[in-house]
Amino acid sequence: MGKFYITTPIYYVNAKPHLGHAYTSIIADALNRFHLLMGDECFFLTGTDEHGDKIVKSAEANGQTPKEFVDEISGLFRNLWSDLDVKYSKFIRTTDAKHKACVQEILQRVYDNGDIYFDEYGGHYCVGCERFLTEKELVNGKCPEHDIEPEYIAEKNYFFRMSKYQDWLIDHINRNPDFIRPSQYRKEVLSLLESGALDDLCISRPKSRLTWGIELPFDDDFVCYVWFDALINYLSALGYPNGGNYEKFWPVANHLVAKDILKPHAIFWPTMLKAAGIDVYQRLNVHGYWLVKDTKMSKSLGNVIEPLKMMETYGLNAFRYFLLREMGFGSDSSFSEDALVGRLNADLANDLGNLFNRTLSMTHKYFGGKIPCPGDEGAEDAEIKKLGRDALTRYQESFLEMKFSVGLESLWELVRGLNKYIDETAPWTLYKNKDMSRLSTVMYVMLENMRKIAVHLWPVMPDASVKMLGQLGIVFDAEKVNLSKELDVWGLLESNVQVAEFSNLFPRVEVEKASHAGPAKKNGNAKDNGSGLVDFEDFQKLDLRVGTVVKVEKHPDADKLLIVQVDIGEDEVRQVVAGLAEFYSPEDLKGRQVVVVANLKPRKLRKQLSQGMILAVKDAKGMKLLTSTEQVVNGSKVS
RNA sequence: GGCGAGGUAGCUCAGUCGGUUAGAGCAUACGGCUCAUAUCCGUAGUGUCGGGGGUUCAAUUCCCUCCCUCGCUACCA
């Protein structure tokens with residue numbers, strides 16, 4: 001059995017969680033779920049980083065003690081992961097007692113090893129900034145922000161002999177091309193290491209300046225520098241130096257970080273491990289930023305997208321799918337509501353959702369909802385099965401390489417292939433011709449492929465996947481799934497099992513497209529409320545009028561459509577193509593008063609122009625027209 | 001300034017270890033089907049593959065140079 005250990009950074013709790021945090025955690029979760037389905041034994045670690053200067057300041061600003069403050073924010077993160085279906089194995093906090101003990105253990109080992117020394121460090125300390133400023137930051141010898149001349153303070157501190165391990169690290173990266181990926185970050189780290197001599201790292205802060213941290217085991221006048229403390233969480237969470245988890249999972253440790261913390265993870269951390277006599281982690285996986293209007297998201301710019309808000313508006317499934325599908329791993333990507341809606345409508349609603357729904361619907365029409373027994377397979381079936389095997393193989397390979405976007409694109413080749421397969425096999429014709437044997441095979445091929453797709457989607461959209469499988473009459477059990485076997489196994493779907501009558505997991509959403517042509521419109525924020533409510537002005541945009549049907553004929557090229565001429569008080573009657581033929585005969589309709597949407601954009605329906613829409617209401621029994629309780633003048637407005 | 005990434009169809013991007021007509025999705029137009037959520041399938045496209053130069057029988061792909069965008073990093077007096 002394989003093993004897999006994935007970590008997110010421990011998020012710094014000086015501010016609330018944002019989209020960047022959500023993205024990292026969601027890919028970690030997707031990877032973890034993927035490896036679970038591949039049959040690996042997995043450990044997924046996340047948590048919060050709660051020490052350091054900034055935390056103390058943020059707490060003070062909130063009128064709280066550091067402990068109260070971090071408890072609150074840490075809780076926010078945990079709640080968010082629960083809302084995003086992020087299922088971690090452990091949530092670590094750097095204020096945990098076990099973590100502190102582990103940090104001290106490692107510090108002591110490095111100290112005993114002779115790689116920590118005590119030295120004087122001098123610099124320009126600004127009391128306003130509460131930190132040392134570099135020569136370059138000074139303007140006319142003053143701190144530009146506080147306009148005061150910084151004090152020159154000589155301070156004694158402990159330093160980690162990081163420079164000693166520079167050559168070893170360069171060598172290690174060269175020998176292990178996968179150590180840092182994607183490769184652009186590997187190159188960046190190498191050039192950083194090769195260009196200049198690595199400085200030693202200051203790893204202490206005197207308690208006179210900062211008390212909120214972990215004490216150095218060899219000098220209780222100092223606390224540990226926050227990065228040194230934080231990185232060790234990846235080990236302390238496994239119970240290092242004790243415990244089976246360390247031995248089991250550390251050799252397969254995969255760190256996942258955003259590119260802004262590349263340096264601590266790619267340089268500080270491996271050299272720390274080396275100095276402590278611990279093997280380095282297996283891989284560092286680096287992702288890019290989500291940009292909002294081409295600017296990196298930041299709280300101060302006020303363009304932070306609340307992850308929860310997007311999730312509430314469009315659903316968790318679409319949100320997770322979008323994040324994984326849209327961003328090439330390692331590069332930056334733009335986040336926009338339009339793009340999210342585009343993916344939701346095109347990929348999820350039109351392609352996948354509709355495919356699934358039409359499959360279930362046909363199973364009901366032709367087989368009373370029971371999965372049929374397949375007959376002999378023909379060339380078309382062999383072809384789609386091969387397409388499926390290839391697509392799923394690429395999907396799995398891509399996920400192993402963190403290429404989620406490529407993987408999902410491959411999976412959709414199968415989705416599109418199946419839509420085409422339906423078109424070509426035309427089950428409705430087989431049914432009409434009473435070719436039930438062939439029809440059974442075709443429907444079984446569809447249903448079995450839907451099962452395979454649903455299972456593969458579990459890492460990305462766990463909720464939708466479980467629901468899809470449920471609608472196929474399967475109770476999802478991660479233990480029983482093995483994705484690698486899925487490539488060669490066919491026919492796990494049992495015949496005669498009842499499936500759902502329909503599925504609407506991904507309803508289309510209609511969002512008024514933001515104008516790309518000109519400047520932002522006055523009411524550009526109309527869709528921003530996210531509540532699904534419309535303003536009265538929006539309602540007023542609809543021109544609803546009562547009119548009398550003067551003439552009706554059947555649509556020559558469609559079974560369900562009627563061509564209706566309605567007098568809505570204008571010089572000319574309106575022609576409206578309506579989907580009423582199954583419920584009303586032309587004779588029934590003529591002379592009735594109906595409600596018409598008069599300013600609907602004209603559209604051709606099977607070659608016939610339709611200049612409006614007749615309002616009706618549909619329930620299980622059929623379709624009923626809407627009208628006024630009394631006769632009114634044609635053209636009267638509905639309000 | 002150095003290093004890295006990128007500049008490919010209207011948009012978002014894939015791709016080419018040099019080789020017959022450069023791809024996908026979205027958007028657009030037209031056609032087809034009716035099982036389906038105004039969904040699906042098909043057809044049609046357009047691209048001096050950032051500019052210029054070089055190597056080659058052949059370059060979008062290799063080399064040089066320049067321009068633009070982004071990131072990291074250093075400050076060259």
# chains A, B, ... in the order shown; residues from 1 in each chain; ligands from 1
call {"tool": "interface_residues", "arguments": {"of": "chain B", "to": "chain A", "cutoff": "8 Å", "atoms": "only C-alpha atoms (C1' of nucleotides)", "output": "PyMOL selection string"}}
result
chain B and resi 3-5+26+33+35-37+39-41+72-73
call {"tool": "residues_around", "arguments": {"residues": "stretch 49-61 of chain B", "least_positions_apart": "3", "cutoff": "8 Å", "atoms": "only C-alpha atoms (C1' of nucleotides)", "output": "NGL selection string"}}
result
:B and (7-8 or 16 or 18-19 or 22 or 64-68)
call {"tool": "atom_distance", "arguments": {"atom1": "atom CA of A:Ile278", "atom2": "atom CA of A:Trp250"}}
result
9.9 Å
call {"tool": "residues_around", "arguments": {"residues": "A:Leu414", "least_positions_apart": "3", "cutoff": "10 Å", "atoms": "only C-alpha atoms (C1' of nucleotides)", "output": "VMD selection string"}}
result
chain A and resid 352 384 to 392 409 to 411 417 to 421 449 to 450 453
call {"tool": "write_last_selection", "arguments": {"atoms": "N, CA, C and O atoms", "output": "JSON list (two decimals), in the first residue's frame"}}
result
[["chain", "number", "residue", "atom", "x", "y", "z"],
["A", 352, "LEU", "N", -21.79, 18.17, -18.44],
["A", 352, "LEU", "CA", -21.89, 17.03, -17.51],
["A", 352, "LEU", "C", -23.30, 16.85, -16.96],
["A", 352, "LEU", "O", -23.86, 15.75, -17.02],
["A", 384, "ILE", "N", -15.86, 4.09, -27.61],
["A", 384, "ILE", "CA", -16.09, 4.99, -26.48],
["A", 384, "ILE", "C", -15.41, 4.44, -25.23],
["A", 384, "ILE", "O", -14.92, 5.20, -24.39],
["A", 385, "LYS", "N", -15.33, 3.13, -25.12],
["A", 385, "LYS", "CA", -14.64, 2.56, -23.96],
["A", 385, "LYS", "C", -13.15, 2.88, -23.99],
["A", 385, "LYS", "O", -12.54, 3.17, -22.97],
["A", 386, "LYS", "N", -12.59, 2.84, -25.19],
["A", 386, "LYS", "CA", -11.17, 3.18, -25.32],
["A", 386, "LYS", "C", -10.95, 4.65, -25.00],
["A", 386, "LYS", "O", -10.02, 5.01, -24.29],
["A", 387, "LEU", "N", -11.85, 5.48, -25.52],
["A", 387, "LEU", "CA", -11.77, 6.91, -25.23],
["A", 387, "LEU", "C", -11.79, 7.14, -23.72],
["A", 387, "LEU", "O", -11.02, 7.93, -23.18],
["A", 388, "GLY", "N", -12.69, 6.42, -23.06],
["A", 388, "GLY", "CA", -12.81, 6.56, -21.61],
["A", 388, "GLY", "C", -11.55, 6.12, -20.89],
["A", 388, "GLY", "O", -11.06, 6.81, -19.99],
["A", 389, "ARG", "N", -11.02, 4.99, -21.29],
["A", 389, "ARG", "CA", -9.81, 4.49, -20.63],
["A", 389, "ARG", "C", -8.66, 5.48, -20.80],
["A", 389, "ARG", "O", -7.94, 5.79, -19.85],
["A", 390, "ASP", "N", -8.51, 6.00, -22.00],
["A", 390, "ASP", "CA", -7.44, 6.97, -22.25],
["A", 390, "ASP", "C", -7.64, 8.24, -21.42],
["A", 390, "ASP", "O", -6.70, 8.78, -20.85],
["A", 391, "ALA", "N", -8.88, 8.72, -21.40],
["A", 391, "ALA", "CA", -9.16, 9.97, -20.69],
["A", 391, "ALA", "C", -8.90, 9.80, -19.19],
["A", 391, "ALA", "O", -8.30, 10.66, -18.55],
["A", 392, "LEU", "N", -9.34, 8.69, -18.64],
["A", 392, "LEU", "CA", -9.16, 8.47, -17.21],
["A", 392, "LEU", "C", -7.70, 8.24, -16.86],
["A", 392, "LEU", "O", -7.22, 8.67, -15.81],
["A", 409, "GLU", "N", -9.61, 18.65, -17.90],
["A", 409, "GLU", "CA", -9.81, 18.79, -19.33],
["A", 409, "GLU", "C", -9.91, 17.41, -19.99],
["A", 409, "GLU", "O", -10.77, 17.16, -20.82],
["A", 410, "SER", "N", -9.05, 16.50, -19.56],
["A", 410, "SER", "CA", -9.09, 15.14, -20.10],
["A", 410, "SER", "C", -10.41, 14.45, -19.76],
["A", 410, "SER", "O", -11.00, 13.78, -20.60],
["A", 411, "LEU", "N", -10.84, 14.61, -18.53],
["A", 411, "LEU", "CA", -12.09, 13.97, -18.12],
["A", 411, "LEU", "C", -13.26, 14.49, -18.96],
["A", 411, "LEU", "O", -14.16, 13.74, -19.31],
["A", 417, "GLY", "N", -17.33, 13.13, -25.36],
["A", 417, "GLY", "CA", -17.41, 11.90, -26.15],
["A", 417, "GLY", "C", -18.71, 11.16, -25.92],
["A", 417, "GLY", "O", -19.30, 10.60, -26.85],
["A", 418, "LEU", "N", -19.17, 11.18, -24.69],
["A", 418, "LEU", "CA", -20.42, 10.48, -24.37],
["A", 418, "LEU", "C", -21.64, 11.20, -24.95],
["A", 418, "LEU", "O", -22.60, 10.58, -25.39],
["A", 419, "ASN", "N", -21.59, 12.52, -24.93],
["A", 419, "ASN", "CA", -22.67, 13.27, -25.56],
["A", 419, "ASN", "C", -22.76, 12.92, -27.05],
["A", 419, "ASN", "O", -23.84, 12.78, -27.62],
["A", 420, "LYS", "N", -21.60, 12.78, -27.64],
["A", 420, "LYS", "CA", -21.54, 12.43, -29.06],
["A", 420, "LYS", "C", -22.02, 10.98, -29.28],
["A", 420, "LYS", "O", -22.72, 10.69, -30.25],
["A", 421, "TYR", "N", -21.63, 10.12, -28.37],
["A", 421, "TYR", "CA", -22.02, 8.71, -28.43],
["A", 421, "TYR", "C", -23.55, 8.58, -28.42],
["A", 421, "TYR", "O", -24.13, 7.82, -29.19],
["A", 449, "ASN", "N", -20.26, 4.45, -17.70],
["A", 449, "ASN", "CA", -19.34, 5.57, -17.84],
["A", 449, "ASN", "C", -19.67, 6.70, -16.87],
["A", 449, "ASN", "O", -18.78, 7.38, -16.37],
["A", 450, "MET", "N", -20.97, 6.93, -16.63],
["A", 450, "MET", "CA", -21.34, 7.95, -15.67],
["A", 450, "MET", "C", -20.82, 7.58, -14.29],
["A", 450, "MET", "O", -20.37, 8.44, -13.53],
["A", 453, "ILE", "N", -17.10, 8.38, -14.20],
["A", 453, "ILE", "CA", -16.87, 9.82, -14.11],
["A", 453, "ILE", "C", -17.15, 10.30, -12.69],
["A", 453, "ILE", "O", -16.37, 11.04, -12.10]]
call {"tool": "select_by_dssp", "arguments": {"residues": "stretch 258-438 of chain A", "states": "strand (DSSP E)", "output": "VMD selection string"}}
result
chain A and resid 258 283 to 287 290 to 292 295 to 296 333 to 334
call {"tool": "residues_around", "arguments": {"residues": "A:Glu377", "least_positions_apart": "6", "cutoff": "9 Å", "atoms": "only C-alpha atoms (C1' of nucleotides)", "output": "count of residues only"}}
result
3
call {"tool": "closest_residue", "arguments": {"among": "A:Trp227, A:Tyr12, A:Tyr444, A:Trp490", "to": "A:Pro374", "atoms": "only C-alpha atoms"}}
result
A:Tyr444
call {"tool": "select_by_dssp", "arguments": {"residues": "stretch 143-227 of chain A", "states": "helix (DSSP H, G or I)", "output": "PyMOL selection string"}}
result
chain A and resi 162-175+183-195+226-227
call {"tool": "atom_distance", "arguments": {"atom1": "atom CA of A:Leu472", "atom2": "atom CA of A:Val499"}}
result
4.8 Å
call {"tool": "residues_around", "arguments": {"residues": "B:G1", "least_positions_apart": "5", "cutoff": "9 Å", "atoms": "only C-alpha atoms (C1' of nucleotides)", "output": "PyMOL selection string"}}
result
chain B and resi 74-76
call {"tool": "atom_distance", "arguments": {"atom1": "atom CA of A:Leu408", "atom2": "atom C1' of B:A14"}}
result
13.3 Å
call {"tool": "residues_around", "arguments": {"residues": "A:Phe43", "least_positions_apart": "6", "cutoff": "12 Å", "atoms": "only C-alpha atoms (C1' of nucleotides)", "output": "compact mmCIF listing (two decimals) with all heavy atoms, in the first residue's frame"}}
result
# COMPACT_ATOMS: atom_id res chain seq x y z
N GLY A 2 0.58 2.17 -0.89
CA GLY A 2 1.36 3.41 -0.96
C GLY A 2 1.01 4.33 0.20
O GLY A 2 0.03 4.11 0.91
N LYS A 3 1.82 5.34 0.36
CA LYS A 3 1.56 6.31 1.43
C LYS A 3 1.68 7.71 0.88
O LYS A 3 2.38 7.95 -0.10
CB LYS A 3 2.55 6.09 2.58
CG LYS A 3 2.33 4.78 3.29
CD LYS A 3 3.28 4.60 4.43
CE LYS A 3 2.95 3.32 5.18
NZ LYS A 3 2.92 2.14 4.29
N PHE A 4 0.99 8.63 1.53
CA PHE A 4 0.99 10.01 1.06
C PHE A 4 0.77 10.95 2.22
O PHE A 4 -0.11 10.75 3.05
CB PHE A 4 -0.14 10.18 0.02
CG PHE A 4 -0.16 11.53 -0.64
CD1 PHE A 4 0.88 11.92 -1.46
CD2 PHE A 4 -1.21 12.40 -0.44
CE1 PHE A 4 0.87 13.17 -2.08
CE2 PHE A 4 -1.23 13.65 -1.06
CZ PHE A 4 -0.19 14.02 -1.87
N TYR A 5 1.65 11.96 2.29
CA TYR A 5 1.53 12.97 3.36
C TYR A 5 1.51 14.34 2.71
O TYR A 5 2.46 14.74 2.05
CB TYR A 5 2.73 12.83 4.31
CG TYR A 5 2.83 13.87 5.41
CD1 TYR A 5 1.69 14.41 6.00
CD2 TYR A 5 4.07 14.29 5.89
CE1 TYR A 5 1.79 15.35 7.02
CE2 TYR A 5 4.19 15.22 6.92
CZ TYR A 5 3.04 15.75 7.48
OH TYR A 5 3.15 16.68 8.48
N ILE A 6 0.39 15.04 2.84
CA ILE A 6 0.26 16.37 2.23
C ILE A 6 0.07 17.41 3.34
O ILE A 6 -0.65 17.16 4.30
CB ILE A 6 -0.92 16.41 1.22
CG1 ILE A 6 -1.02 17.78 0.53
CG2 ILE A 6 -2.25 16.08 1.88
CD1 ILE A 6 0.02 18.00 -0.53
N THR A 7 0.76 18.53 3.18
CA THR A 7 0.59 19.61 4.16
C THR A 7 0.22 20.91 3.46
O THR A 7 0.65 21.16 2.33
CB THR A 7 1.91 19.89 4.92
OG1 THR A 7 2.84 20.51 4.02
CG2 THR A 7 2.52 18.61 5.47
N THR A 8 -0.57 21.72 4.13
CA THR A 8 -0.72 23.12 3.72
C THR A 8 0.21 23.90 4.64
O THR A 8 0.65 23.36 5.66
CB THR A 8 -2.15 23.65 3.93
OG1 THR A 8 -2.37 23.83 5.33
CG2 THR A 8 -3.18 22.69 3.36
N ALA A 28 -5.09 20.79 -1.60
CA ALA A 28 -4.57 19.78 -0.67
C ALA A 28 -5.63 18.72 -0.42
O ALA A 28 -5.35 17.52 -0.44
CB ALA A 28 -4.14 20.43 0.65
N ASP A 29 -6.84 19.15 -0.23
CA ASP A 29 -7.94 18.23 0.03
C ASP A 29 -8.20 17.33 -1.19
O ASP A 29 -8.38 16.12 -1.06
CB ASP A 29 -9.21 19.02 0.37
CG ASP A 29 -10.37 18.10 0.72
OD1 ASP A 29 -10.27 17.39 1.72
OD2 ASP A 29 -11.36 18.10 -0.04
N LEU A 31 -6.09 16.52 -3.54
CA LEU A 31 -4.98 15.58 -3.66
C LEU A 31 -5.10 14.45 -2.66
O LEU A 31 -4.88 13.28 -2.98
CB LEU A 31 -3.67 16.30 -3.36
CG LEU A 31 -2.87 16.81 -4.53
CD1 LEU A 31 -1.63 17.51 -3.99
CD2 LEU A 31 -2.45 15.66 -5.43
N ASN A 32 -5.44 14.82 -1.44
CA ASN A 32 -5.58 13.83 -0.40
C ASN A 32 -6.67 12.82 -0.75
O ASN A 32 -6.49 11.62 -0.64
CB ASN A 32 -5.89 14.53 0.92
CG ASN A 32 -5.85 13.58 2.09
OD1 ASN A 32 -4.86 12.90 2.30
ND2 ASN A 32 -6.93 13.52 2.85
N ARG A 33 -7.79 13.33 -1.21
CA ARG A 33 -8.89 12.44 -1.58
C ARG A 33 -8.50 11.58 -2.78
O ARG A 33 -8.86 10.41 -2.88
CB ARG A 33 -10.14 13.26 -1.92
CG ARG A 33 -10.81 13.89 -0.72
CD ARG A 33 -11.94 14.81 -1.17
NE ARG A 33 -12.48 15.60 -0.08
CZ ARG A 33 -13.55 15.24 0.65
NH1 ARG A 33 -14.17 14.11 0.40
NH2 ARG A 33 -13.99 16.02 1.61
N HIS A 35 -5.50 10.51 -3.57
CA HIS A 35 -4.61 9.44 -3.12
C HIS A 35 -5.35 8.39 -2.30
O HIS A 35 -5.02 7.21 -2.35
CB HIS A 35 -3.43 10.02 -2.35
CG HIS A 35 -2.35 10.54 -3.24
ND1 HIS A 35 -1.30 9.78 -3.68
CD2 HIS A 35 -2.18 11.76 -3.83
CE1 HIS A 35 -0.52 10.50 -4.47
NE2 HIS A 35 -1.04 11.71 -4.59
N LEU A 36 -6.36 8.84 -1.56
CA LEU A 36 -7.18 7.86 -0.83
C LEU A 36 -7.82 6.89 -1.81
O LEU A 36 -7.81 5.68 -1.60
CB LEU A 36 -8.29 8.58 -0.05
CG LEU A 36 -7.94 9.12 1.33
CD1 LEU A 36 -9.09 9.95 1.87
CD2 LEU A 36 -7.61 7.97 2.28
N LYS A 87 -11.30 18.01 4.37
CA LYS A 87 -11.25 17.00 5.44
C LYS A 87 -9.81 16.64 5.77
O LYS A 87 -9.21 15.78 5.15
CB LYS A 87 -11.99 15.72 5.01
CG LYS A 87 -13.50 15.88 4.88
CD LYS A 87 -14.18 15.49 6.17
CE LYS A 87 -15.69 15.35 6.03
NZ LYS A 87 -16.35 16.33 5.18
N TYR A 88 -9.26 17.36 6.76
CA TYR A 88 -7.87 17.12 7.14
C TYR A 88 -7.78 16.02 8.18
O TYR A 88 -8.76 15.69 8.86
CB TYR A 88 -7.25 18.40 7.70
CG TYR A 88 -8.15 19.14 8.68
CD1 TYR A 88 -8.21 18.73 10.00
CD2 TYR A 88 -8.93 20.21 8.26
CE1 TYR A 88 -9.04 19.38 10.89
CE2 TYR A 88 -9.76 20.87 9.15
CZ TYR A 88 -9.81 20.45 10.47
OH TYR A 88 -10.64 21.09 11.35
N SER A 89 -6.57 15.44 8.30
CA SER A 89 -6.34 14.42 9.32
C SER A 89 -6.03 15.09 10.66
O SER A 89 -6.37 14.58 11.71
CB SER A 89 -5.17 13.53 8.95
OG SER A 89 -5.25 13.11 7.61
N LYS A 90 -5.33 16.23 10.59
CA LYS A 90 -4.95 16.91 11.83
C LYS A 90 -4.87 18.41 11.61
O LYS A 90 -4.44 18.87 10.57
CB LYS A 90 -3.57 16.40 12.30
CG LYS A 90 -3.11 17.01 13.62
CD LYS A 90 -1.77 16.42 14.05
CE LYS A 90 -1.19 17.15 15.26
NZ LYS A 90 -1.95 16.94 16.51
N PHE A 91 -5.33 19.14 12.60
CA PHE A 91 -5.23 20.60 12.59
C PHE A 91 -4.28 21.00 13.70
O PHE A 91 -4.56 20.81 14.88
CB PHE A 91 -6.61 21.21 12.84
CG PHE A 91 -6.68 22.70 12.61
CD1 PHE A 91 -7.17 23.21 11.42
CD2 PHE A 91 -6.23 23.58 13.59
CE1 PHE A 91 -7.23 24.59 11.21
CE2 PHE A 91 -6.28 24.96 13.37
CZ PHE A 91 -6.78 25.45 12.18
N TYR A 234 5.46 20.72 10.57
CA TYR A 234 5.29 19.59 9.67
C TYR A 234 5.80 18.29 10.30
O TYR A 234 5.38 17.20 9.93
CB TYR A 234 6.04 19.84 8.36
CG TYR A 234 5.57 21.07 7.60
CD1 TYR A 234 6.48 22.02 7.13
CD2 TYR A 234 4.21 21.28 7.36
CE1 TYR A 234 6.06 23.14 6.43
CE2 TYR A 234 3.79 22.41 6.67
CZ TYR A 234 4.71 23.33 6.20
OH TYR A 234 4.29 24.43 5.51
N ALA A 237 3.63 17.64 14.05
CA ALA A 237 2.28 17.10 13.86
C ALA A 237 2.31 15.58 13.73
O ALA A 237 1.33 14.90 13.99
CB ALA A 237 1.64 17.71 12.62
N LEU A 238 3.45 15.05 13.30
CA LEU A 238 3.57 13.59 13.16
C LEU A 238 4.05 12.95 14.46
O LEU A 238 4.30 11.75 14.51
CB LEU A 238 4.55 13.25 12.03
CG LEU A 238 4.13 13.65 10.62
CD1 LEU A 238 5.20 13.26 9.61
CD2 LEU A 238 2.80 13.01 10.23
N ASN A 245 3.73 7.53 13.12
CA ASN A 245 3.36 8.43 12.04
C ASN A 245 4.57 9.09 11.39
O ASN A 245 4.60 9.29 10.19
CB ASN A 245 2.41 9.52 12.55
CG ASN A 245 0.97 9.05 12.52
OD1 ASN A 245 0.67 8.02 11.91
ND2 ASN A 245 0.09 9.78 13.16
N TYR A 246 5.55 9.42 12.22
CA TYR A 246 6.76 10.03 11.67
C TYR A 246 7.45 9.07 10.72
O TYR A 246 7.78 9.43 9.58
CB TYR A 246 7.70 10.45 12.80
CG TYR A 246 9.09 10.76 12.31
CD1 TYR A 246 9.34 11.88 11.52
CD2 TYR A 246 10.16 9.90 12.59
CE1 TYR A 246 10.61 12.15 11.03
CE2 TYR A 246 11.43 10.16 12.11
CZ TYR A 246 11.65 11.28 11.33
OH TYR A 246 12.91 11.55 10.85
N LYS A 248 6.22 6.53 9.22
CA LYS A 248 5.35 6.14 8.11
C LYS A 248 5.22 7.25 7.07
O LYS A 248 5.31 7.00 5.87
CB LYS A 248 3.96 5.83 8.70
CG LYS A 248 3.08 5.04 7.77
CD LYS A 248 1.67 4.92 8.36
CE LYS A 248 1.57 3.86 9.43
NZ LYS A 248 0.20 3.78 9.97
N PHE A 249 5.04 8.47 7.53
CA PHE A 249 4.66 9.53 6.58
C PHE A 249 5.77 10.51 6.22
O PHE A 249 5.71 11.14 5.16
CB PHE A 249 3.45 10.31 7.12
CG PHE A 249 2.19 9.49 7.15
CD1 PHE A 249 1.59 9.16 8.36
CD2 PHE A 249 1.61 9.04 5.97
CE1 PHE A 249 0.43 8.40 8.39
CE2 PHE A 249 0.45 8.29 5.99
CZ PHE A 249 -0.14 7.96 7.21
N TRP A 250 6.77 10.67 7.07
CA TRP A 250 7.76 11.70 6.75
C TRP A 250 8.48 11.44 5.43
O TRP A 250 8.73 12.37 4.65
CB TRP A 250 8.76 11.88 7.91
CG TRP A 250 9.69 13.01 7.62
CD1 TRP A 250 11.03 12.96 7.40
CD2 TRP A 250 9.32 14.39 7.45
NE1 TRP A 250 11.53 14.20 7.12
CE2 TRP A 250 10.50 15.09 7.13
CE3 TRP A 250 8.12 15.10 7.52
CZ2 TRP A 250 10.52 16.47 6.90
CZ3 TRP A 250 8.13 16.47 7.29
CH2 TRP A 250 9.32 17.14 6.98
N VAL A 252 7.36 10.50 2.75
CA VAL A 252 6.53 10.87 1.58
C VAL A 252 5.90 12.25 1.79
O VAL A 252 4.83 12.54 1.27
CB VAL A 252 5.42 9.82 1.33
CG1 VAL A 252 6.02 8.54 0.80
CG2 VAL A 252 4.60 9.56 2.59
N ALA A 253 6.60 13.11 2.55
CA ALA A 253 6.05 14.43 2.84
C ALA A 253 6.01 15.31 1.59
O ALA A 253 7.02 15.50 0.92
CB ALA A 253 6.89 15.11 3.92
N ASN A 254 4.83 15.79 1.27
CA ASN A 254 4.64 16.74 0.18
C ASN A 254 4.12 18.05 0.75
O ASN A 254 3.02 18.09 1.29
CB ASN A 254 3.60 16.20 -0.81
CG ASN A 254 4.24 15.37 -1.90
OD1 ASN A 254 4.48 15.85 -2.99
ND2 ASN A 254 4.55 14.12 -1.58
N HIS A 255 4.93 19.08 0.64
CA HIS A 255 4.46 20.39 1.10
C HIS A 255 3.80 21.12 -0.05
O HIS A 255 4.22 21.01 -1.20
CB HIS A 255 5.63 21.22 1.62
CG HIS A 255 6.32 20.63 2.81
ND1 HIS A 255 5.63 20.14 3.90
CD2 HIS A 255 7.64 20.45 3.08
CE1 HIS A 255 6.50 19.68 4.79
NE2 HIS A 255 7.72 19.85 4.31
call {"tool": "closest_residue", "arguments": {"among": "A:Asp338, A:Asp96, A:Glu413, A:Asp49", "to": "B:G25", "atoms": "only C-alpha atoms (C1' of nucleotides)"}}
result
A:Glu413
